[in-house]
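Everything below concerns the one structure shown next.
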Protein chains: 2
Amino acid sequence: MFEENGKNLPLDGNALIGQSGGPTAAINATLSGVIKGLRGCPNVKRIYGAKNGIEGVCAGKIVDLALAVQTAEDHYALECTPAAALGSCRKKLPNDLNDPVYAQIFDVFRSYGIRFFIYIGGNDSMDTAEKLSRYAQRNFYEIYVVGVPKTIDNDIMITDHTPGYPSALKYIATTVEEIARDCSIYTVKAVTVVEIMGRDAGWLAAGAALPRIFGQSCADLVYVAEAIFDFDRFIEDVNGILAEKPNVVVAVSEGIKTADGKYVGESAQSGSVDIFGHKYLAGAAKVLETHIRAKIGCKCRSIELSLPQRCAGHCLSKTDIEESVLVGASCAEHVAAGLSGDFAYLERDDNPDGSYSVSVGFCPVSKVANHIKTIPVSYIVPRGCNVTDSLLTLLAPLIQGEVAIPMQNGLPKHFTID
Amino acid sequence: MFEENGKNLPLDGNALIGQSGGPTAAINATLSGVIKGLRGCPNVKRIYGAKNGIEGVCAGKIVDLALAVQTAEDHYALECTPAAALGSCRKKLPNDLNDPVYAQIFDVFRSYGIRFFIYIGGNDSMDTAEKLSRYAQRNFYEIYVVGVPKTIDNDIMITDHTPGYPSALKYIATTVEEIARDCSIYTVKAVTVVEIMGRDAGWLAAGAALPRIFGQSCADLVYVAEAIFDFDRFIEDVNGILAEKPNVVVAVSEGIKTADGKYVGESAQSGSVDIFGHKYLAGAAKVLETHIRAKIGCKCRSIELSLPQRCAGHCLSKTDIEESVLVGASCAEHVAAGLSGDFAYLERDDNPDGSYSVSVGFCPVSKVANHIKTIPVSYIVPRGCNVTDSLLTLLAPLIQGEVAIPMQNGLPKHFTID
């Protein structure tokens with residue numbers, strides 16, 4: 001709450017929304033929620049969007065969102081469209097707040113009369129929100145910043161889960177269920193290794209086991225990034241299943257590592273890193289495919305689920321889309337009320353009847369920026385070759401409900417913001 | 001029509017259905033249609049299914065389908081379930097009809113009183129149907145055989161298209177539309193290469209261009225198996241698009257070949273080995289990814305759509321499912337009427353109003369067995385880097401309509417036959 005004219009009222013001003021980091025299938029539902037929320041705040045005058053996140057702010061690429069998204073149909077279509085409709089970026093702001101880029105950004109804020117800045121993104125984007133908030137405070141620039149989480153990785157602290165994760169989880173569970181069924185039709189011994197996104201956390205890979213608690217086909221073995229991977233034990237595990245049935249489906253996090261801390265996929269890679277210093281990874285499944293052929297000698301195939309995990313808008317979780325809209329709208333109200341430097345999180349309600357629902361809470365963005373949430377070890381079976389039913393029971397509510405997405409000519413009709 | 005007791009009536013007897021070859025998302029819709037059709041034929045007494053195709057016939061693994069699939073709900077659930085519910089095989093029958101396997105198969109036919117044999121499969125399965133039909137004729141065994149086409153590859157002769165192809169096409173078009181959208185959100189130069197199934201024909205890869213005629217995101221360049229692939233021209237093509245926009249999406253058939261007849265995927269001669277010293281085998285897209293990095297130097301990613309292309313039951317074409325049921329039912333009536341050695345094909349009706357519909361026709365299975373239908377050269381642009389709008393217009397009706405598949409606990413509920 002900013003004090004002005006002796007009254008404890010939030011300031012009037014314009015709002016700017018940006019999307020950043022890897023996209024999700026629900027990131028536009030959050031954007032839609034933010035716009036809806038801001039529309040309900042009388043002190044918010046204009047609603048702008050930054051193309052390509054903070055990169056677009058620097059370049060002055062600003063669009064009028066109140067014009068771009070008008071009707072209820074627009075909102076619905078936006079909510080059903082995967083990948084950041086405003087475009088995204090992977091720009092990391094410098095640690096030194098004296099860097100000229102900050103002055104550049106705040107010049108744009110000033111020229112557009114921006115008093116409210118809403119940044120939808122993952123861990124790295126929370127870092128951006130945190131820095132902008134600190135810069136504003138230090139320079140007495142009256143801007144309110146809020147970070148809205150989204151990431152399929154589900155690796156953000158404090159929040160029960162991240163918007164975008166449930167849809168990715170549903171897509172992975174559905175696709176692995178179908179792959180497991182496809183693999184089961186032959187009588188020839190065969191192993192299929194499915195590689196699932198997740199460099200540091202196995203939240204997504206857990207989806208490969210999710211159909212199990214509902215009696216559907218799924219992965220027989222699941223190796224998450226949190227469990228130390230051992231090649232010999234892996235071959236034992238696979239042989240154990242092969243003794244029972246001819247087809248084995250294995251799911252692995254892309255980030256599985258051996259006891260010496262080396263990524264299983266590391267050998268096949270160039271060792272290049274992205275701008276955040278993250279090692280570029282791929283190929284764990286390919287390495288395991290080759291290993292199985294050599295050690296077991298049966299037919300083996302590897303599959304990387306790849307990009308569709310984060311952009312399969314045709315397989316949305318209704319729960320995810322509704323929560324993403326909710327969190328977006330809550331953030332809008334929060335920032336318009338003059339609160340700044342916060343991050344929105346989802347808290348699972350403790351309903352007496354055990355039913356599932358969530359509420360939105362807020363905490364300082366500094367609490368979550370640059371931290372990683374992994375699967376607690378108690379949710380991984382001692383041998384490290386699967387996740388427990390308790391974890392799956394915890395995750396199951398997230399994938400409930402389907403979304404009737406707008407279709408045209410037999411294909412999804414995506415909403416665009418130019 | 002078999003003449004018996006001086007009357008020109010089809011014989012009474014039992015029917016046996018088998019599924020064979022690579023599965024599709026619609027192969028069970030055909031199975032459902034066959035069962036429905038047979039139920040309407042008074043001379044068909046019992047309806048059996050062979051587990052794992054002709055392999056299961058040899059092993060005497062026979063199930064009672066009238067018991068396994070009873071209600072309208074059972075039929076609908078079966079129609080919405082991907083991958084052969086009866087199991088499949090890749091067994092090729094010997095050319096020598098004196099091989100003892102034929103006597104073995106016909107012993108099983110005899111012991112189950114099989115007079116009608118319906119084999120649902122691809123090119124190799126049509127070969128099986130053709131041989132069984134010839135063996136029966138030569139040995140005066142009164143059995144009627146019909147081959148029912150299914151393959152996502154769409155490479156069977158005579159038929160307008162193959163049941164199963166439209167759903168694969170819809171999945172590919174939808175997924176590439178989403179991938180193209182995902183790739184478009186960054187401003188950094190990047191190329192994404194999507195590898196699509198199709199060793200000899202580019203029918204599936206054409207799906208990567210399909211959203212184009214409806215104004216949706218899609219692949220910028222499409223290299224089908226039928227066009228000779230040239231690495232230098234490919235780099236020119238990619239650079240041409242990169243001059244216009246930062247993100248390029250390329251789709252390739254897995255079976256693209258250079259002028260010397262070598263598969264691009266075969267040329268994975270990076271010499272790279274994994275940590276065990278095993279040679280790393282790459283697909284066509286991986287080879288092109290490496291080539292782009294070397295020649296253009298920008299960010300590049302490769303994606304193999306892999307198995308989901310043939311088993312994504314959550315993204316069915318309603319047109320496909322309806323046609324698959326229709327072709328199954330027609331085959332049942334055809335074979336029960338005492339006609340044998342035929343193959344069912346779809347013929348596009350020549351409607352005066354230009355609307356789309358198909359009819360089922362029959363021709364000798366020998367006409368289609370062991371032949372391949374490829375995309376006519378007139379449907380490929382002269383430079384070989386895309387398919388024409390006329391091809392896409394021809395394919396568009398196939399992906400129309402969505403199927404509300406049975407869901408339970410947020411996941412597809414698959415139907416099983418034990």
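Labeling convention for the structure tokens: chains A, B, ... as they appear, residues from 1 per chain, ligands from 1 in order of appearance.
Contact shell of segment 215-220 of chain A at 7 Å (only C-alpha atoms; same-chain neighbours under 6 positions omitted): A:Val176, A:Glu177, A:Ala180, A:Arg181, A:Ala208, A:Ala209, A:Val248, A:Val249, A:Val250, A:Ala251.
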Could you save those same residues with N, CA and C atoms as a tab-separated table (two decimals), in the first residue's frame?
chain	number	residue	atom	x	y	z
A	176	VAL	N	2.32	-41.78	-21.93
A	176	VAL	CA	3.00	-43.00	-21.48
A	176	VAL	C	2.00	-44.15	-21.36
A	177	GLU	N	0.78	-43.85	-20.93
A	177	GLU	CA	-0.27	-44.88	-20.90
A	177	GLU	C	-0.46	-45.46	-22.31
A	180	ALA	N	2.70	-47.44	-23.39
A	180	ALA	CA	2.75	-48.74	-22.69
A	180	ALA	C	1.77	-49.72	-23.32
A	181	ARG	N	0.64	-49.20	-23.72
A	181	ARG	CA	-0.34	-50.06	-24.38
A	181	ARG	C	0.17	-50.51	-25.74
A	208	ALA	N	4.71	-40.69	-15.53
A	208	ALA	CA	4.79	-41.96	-16.25
A	208	ALA	C	4.26	-43.12	-15.41
A	209	ALA	N	4.21	-42.91	-14.08
A	209	ALA	CA	3.69	-43.94	-13.17
A	209	ALA	C	2.25	-43.67	-12.77
A	248	VAL	N	8.81	-54.21	-21.48
A	248	VAL	CA	9.12	-53.35	-20.35
A	248	VAL	C	9.14	-51.90	-20.81
A	249	VAL	N	8.43	-51.05	-20.08
A	249	VAL	CA	8.49	-49.62	-20.37
A	249	VAL	C	9.18	-48.94	-19.19
A	250	VAL	N	10.24	-48.21	-19.50
A	250	VAL	CA	11.04	-47.51	-18.50
A	250	VAL	C	10.90	-46.02	-18.73
A	251	ALA	N	10.70	-45.25	-17.67
A	251	ALA	CA	10.69	-43.79	-17.81
A	251	ALA	C	11.86	-43.22	-17.01
Spatial neighbours of Ser324 of chain A, 7 Å, only C-alpha atoms, chain gap at least 4 places, as a list of chain:residue names: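 With the cut-off at 7 Å, the set is A:Ala26, A:Ala29, A:Thr30, A:Pro163, A:Asp320, A:Gly328.
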Residue subset to file, keeping N, CA and C atoms, as an mmCIF file, in the first residue's frame:
data_model
loop_
_atom_site.group_PDB
_atom_site.id
_atom_site.type_symbol
_atom_site.label_atom_id
_atom_site.label_comp_id
_atom_site.auth_asym_id
_atom_site.auth_seq_id
_atom_site.Cartn_x
_atom_site.Cartn_y
_atom_site.Cartn_z
ATOM 1 N N ALA A 26 -0.292 -23.743 -20.043
ATOM 2 C CA ALA A 26 -1.242 -22.973 -19.227
ATOM 3 C C ALA A 26 -0.799 -21.533 -19.003
ATOM 4 N N ALA A 29 -3.328 -19.020 -19.819
ATOM 5 C CA ALA A 29 -4.478 -18.985 -18.902
ATOM 6 C C ALA A 29 -4.149 -18.019 -17.767
ATOM 7 N N THR A 30 -2.895 -18.034 -17.308
ATOM 8 C CA THR A 30 -2.470 -17.092 -16.276
ATOM 9 C C THR A 30 -2.538 -15.661 -16.810
ATOM 10 N N PRO A 163 1.533 -23.638 -11.642
ATOM 11 C CA PRO A 163 0.624 -23.639 -12.784
ATOM 12 C C PRO A 163 1.399 -24.067 -14.043
ATOM 13 N N ASP A 320 -5.752 -27.370 -13.955
ATOM 14 C CA ASP A 320 -4.621 -26.483 -14.195
ATOM 15 C C ASP A 320 -5.069 -25.143 -14.776
ATOM 16 N N GLY A 328 -3.503 -15.881 -11.699
ATOM 17 C CA GLY A 328 -3.276 -14.649 -12.462
ATOM 18 C C GLY A 328 -4.135 -13.512 -11.928
#
Could you write out as an MDAnalysis selection string the residues of chain A within 8 Å of chain B, counting only C-alpha atoms? chainID A and resid 23 52 82:89 170 173:175 178:179 181:182 184:187 211 214 216 267:268 287 290:291 303:308 311:315 317 396 399:402 409:414
Writer output for current selection, C-alpha atoms, as an mmCIF file, in the first residue's frame:
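Wrote it out as part31.cif, contents follow:
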data_model
loop_
_atom_site.group_PDB
_atom_site.id
_atom_site.type_symbol
_atom_site.label_atom_id
_atom_site.label_comp_id
_atom_site.auth_asym_id
_atom_site.auth_seq_id
_atom_site.Cartn_x
_atom_site.Cartn_y
_atom_site.Cartn_z
ATOM 1 C CA PRO A 23 6.453 -21.815 -22.080
ATOM 2 C CA ASN A 52 9.233 -11.289 -25.324
ATOM 3 C CA PRO A 82 -0.261 -23.108 -25.473
ATOM 4 C CA ALA A 83 3.088 -21.253 -25.452
ATOM 5 C CA ALA A 84 3.504 -17.632 -24.378
ATOM 6 C CA ALA A 85 1.115 -15.531 -26.501
ATOM 7 C CA LEU A 86 3.215 -12.447 -25.698
ATOM 8 C CA GLY A 87 6.410 -14.251 -26.666
ATOM 9 C CA SER A 88 9.119 -15.085 -24.177
ATOM 10 C CA CYS A 89 12.802 -14.591 -23.500
ATOM 11 C CA LYS A 170 -1.628 -35.064 -17.741
ATOM 12 C CA ALA A 173 0.576 -39.711 -18.062
ATOM 13 C CA THR A 174 -1.733 -39.975 -21.096
ATOM 14 C CA THR A 175 1.104 -40.441 -23.572
ATOM 15 C CA GLU A 178 -0.696 -45.034 -24.687
ATOM 16 C CA ILE A 179 2.948 -45.960 -25.307
ATOM 17 C CA ARG A 181 -0.344 -50.061 -24.379
ATOM 18 C CA ASP A 182 1.276 -49.894 -27.793
ATOM 19 C CA SER A 184 2.208 -54.488 -24.904
ATOM 20 C CA ILE A 185 0.789 -55.848 -28.155
ATOM 21 C CA TYR A 186 3.809 -57.906 -29.217
ATOM 22 C CA THR A 187 5.140 -61.109 -27.693
ATOM 23 C CA PRO A 211 -1.895 -44.306 -14.528
ATOM 24 C CA PHE A 214 -5.995 -46.125 -11.649
ATOM 25 C CA GLN A 216 -4.154 -48.334 -16.454
ATOM 26 C CA SER A 267 28.591 -38.544 -22.617
ATOM 27 C CA ALA A 268 26.502 -37.968 -25.715
ATOM 28 C CA VAL A 287 22.400 -43.994 -23.613
ATOM 29 C CA THR A 290 22.400 -48.678 -26.184
ATOM 30 C CA HIS A 291 23.239 -50.107 -22.762
ATOM 31 C CA ILE A 303 11.655 -42.049 -27.008
ATOM 32 C CA GLU A 304 12.132 -38.440 -25.902
ATOM 33 C CA LEU A 305 8.773 -36.855 -25.180
ATOM 34 C CA SER A 306 10.451 -33.523 -25.923
ATOM 35 C CA LEU A 307 8.687 -30.188 -26.526
ATOM 36 C CA PRO A 308 5.089 -31.465 -26.611
ATOM 37 C CA CYS A 311 3.042 -27.162 -25.383
ATOM 38 C CA ALA A 312 0.416 -29.898 -25.810
ATOM 39 C CA GLY A 313 -2.533 -27.550 -25.632
ATOM 40 C CA HIS A 314 -4.772 -30.315 -26.953
ATOM 41 C CA CYS A 315 -4.401 -32.233 -23.670
ATOM 42 C CA SER A 317 -5.875 -30.325 -17.322
ATOM 43 C CA ALA A 396 -3.756 -37.273 -9.027
ATOM 44 C CA ILE A 399 -4.811 -33.840 -13.795
ATOM 45 C CA GLN A 400 -8.563 -33.973 -13.268
ATOM 46 C CA GLY A 401 -10.905 -32.584 -15.868
ATOM 47 C CA GLU A 402 -10.591 -31.971 -19.580
ATOM 48 C CA ASN A 409 -11.114 -27.495 -39.453
ATOM 49 C CA GLY A 410 -10.131 -30.414 -37.231
ATOM 50 C CA LEU A 411 -7.244 -28.536 -35.597
ATOM 51 C CA PRO A 412 -6.824 -26.418 -32.450
ATOM 52 C CA LYS A 413 -7.561 -22.766 -33.148
ATOM 53 C CA HIS A 414 -4.819 -20.805 -31.415
#
Which of segment 251-402 of chain A end up as helix (DSSP H, G or I) when DSSP is run on this backbone - answer as JSON, numbers by chain? {"A": [264, 265, 266, 267, 268, 284, 285, 286, 287, 288, 289, 290, 291, 292, 293, 294, 295, 308, 309, 310, 311, 313, 314, 315, 318, 319, 320, 321, 322, 323, 324, 325, 326, 327, 328, 329, 330, 331, 332, 333, 334, 335, 336, 365, 366, 367, 377, 378, 379, 389, 390, 391, 392, 393, 394, 395, 396, 397, 398, 399]}
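All residues of protein, DNA or RNA that reach within 7 Å of Lys299 of chain B, judged by only C-alpha atoms and not counting those fewer than 2 positions away in the chain, are Lys189, Ala190, Val191, Arg293, Gly297 and Arg301 of chain B.
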Can you write out the residues you just picked, keeping C-alpha atoms, as a compact mmCIF listing (two decimals), in the first residue's frame?
# COMPACT_ATOMS: atom_id res chain seq x y z
CA LYS B 189 17.67 -17.71 -34.15
CA ALA B 190 16.73 -21.35 -33.82
CA VAL B 191 15.89 -24.30 -36.02
CA ARG B 293 24.87 -26.47 -36.07
CA GLY B 297 25.85 -22.26 -36.31
CA ARG B 301 16.95 -29.00 -31.74
As a CSV table (one decimal) with C-alpha atoms, in the first residue's frame, list the residues of segment 212-338 of chain B assigned to strand (DSSP E or B) by DSSP on the backbone atoms of this structure.
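Contents of the output file selection_30.csv:
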chain,number,residue,atom,x,y,z
B,221,LEU,CA,9.8,-26.7,-44.7
B,222,VAL,CA,8.7,-30.3,-45.3
B,223,TYR,CA,10.9,-33.0,-46.8
B,229,PHE,CA,17.3,-34.9,-50.2
B,247,ASN,CA,12.5,-19.5,-35.9
B,248,VAL,CA,12.4,-22.2,-38.5
B,249,VAL,CA,10.5,-25.5,-38.1
B,250,VAL,CA,11.5,-28.3,-40.4
B,251,ALA,CA,9.7,-31.6,-40.8
B,252,VAL,CA,11.3,-34.6,-42.4
B,253,SER,CA,10.1,-38.2,-43.2
B,257,LYS,CA,17.4,-40.3,-48.9
B,258,THR,CA,20.1,-38.5,-50.8
B,263,TYR,CA,19.1,-42.8,-46.0
B,273,VAL,CA,30.3,-43.2,-29.0
B,279,LYS,CA,28.4,-46.4,-31.6
B,299,LYS,CA,20.7,-23.1,-32.0
B,300,CYS,CA,19.1,-26.3,-33.3
B,301,ARG,CA,17.0,-29.0,-31.7
B,302,SER,CA,15.6,-32.3,-33.2
B,303,ILE,CA,12.4,-34.0,-32.2
B,304,GLU,CA,11.3,-37.5,-33.2
B,317,SER,CA,-10.1,-38.2,-36.1
Nearest residue to Glu226 of chain B out of B:Asp99, B:Asp64, B:Glu254, B:Asp349, using only C-alpha atoms?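 When distances to Glu226 of chain B are compared using only C-alpha atoms, the smallest one comes from B:Glu254.
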Could you pull the residues within 8 Å of Val325 of chain B, counting only C-alpha atoms, minus those fewer than 5 positions along the same chain, as a list in words? Ala29, Thr30, Leu31, Ser32, Gly33, Val34 and Glu79 of chain B
What would the file look like if the residues just selected were written as a CSV table (one decimal), in the first residue's frame with C-alpha atoms?
chain,number,residue,atom,x,y,z
B,29,ALA,CA,-12.5,-49.3,-34.3
B,30,THR,CA,-12.1,-51.7,-37.3
B,31,LEU,CA,-12.2,-54.6,-34.9
B,32,SER,CA,-15.4,-53.3,-33.4
B,33,GLY,CA,-16.9,-52.8,-36.9
B,34,VAL,CA,-16.1,-56.4,-37.9
B,79,GLU,CA,-13.3,-48.0,-30.8
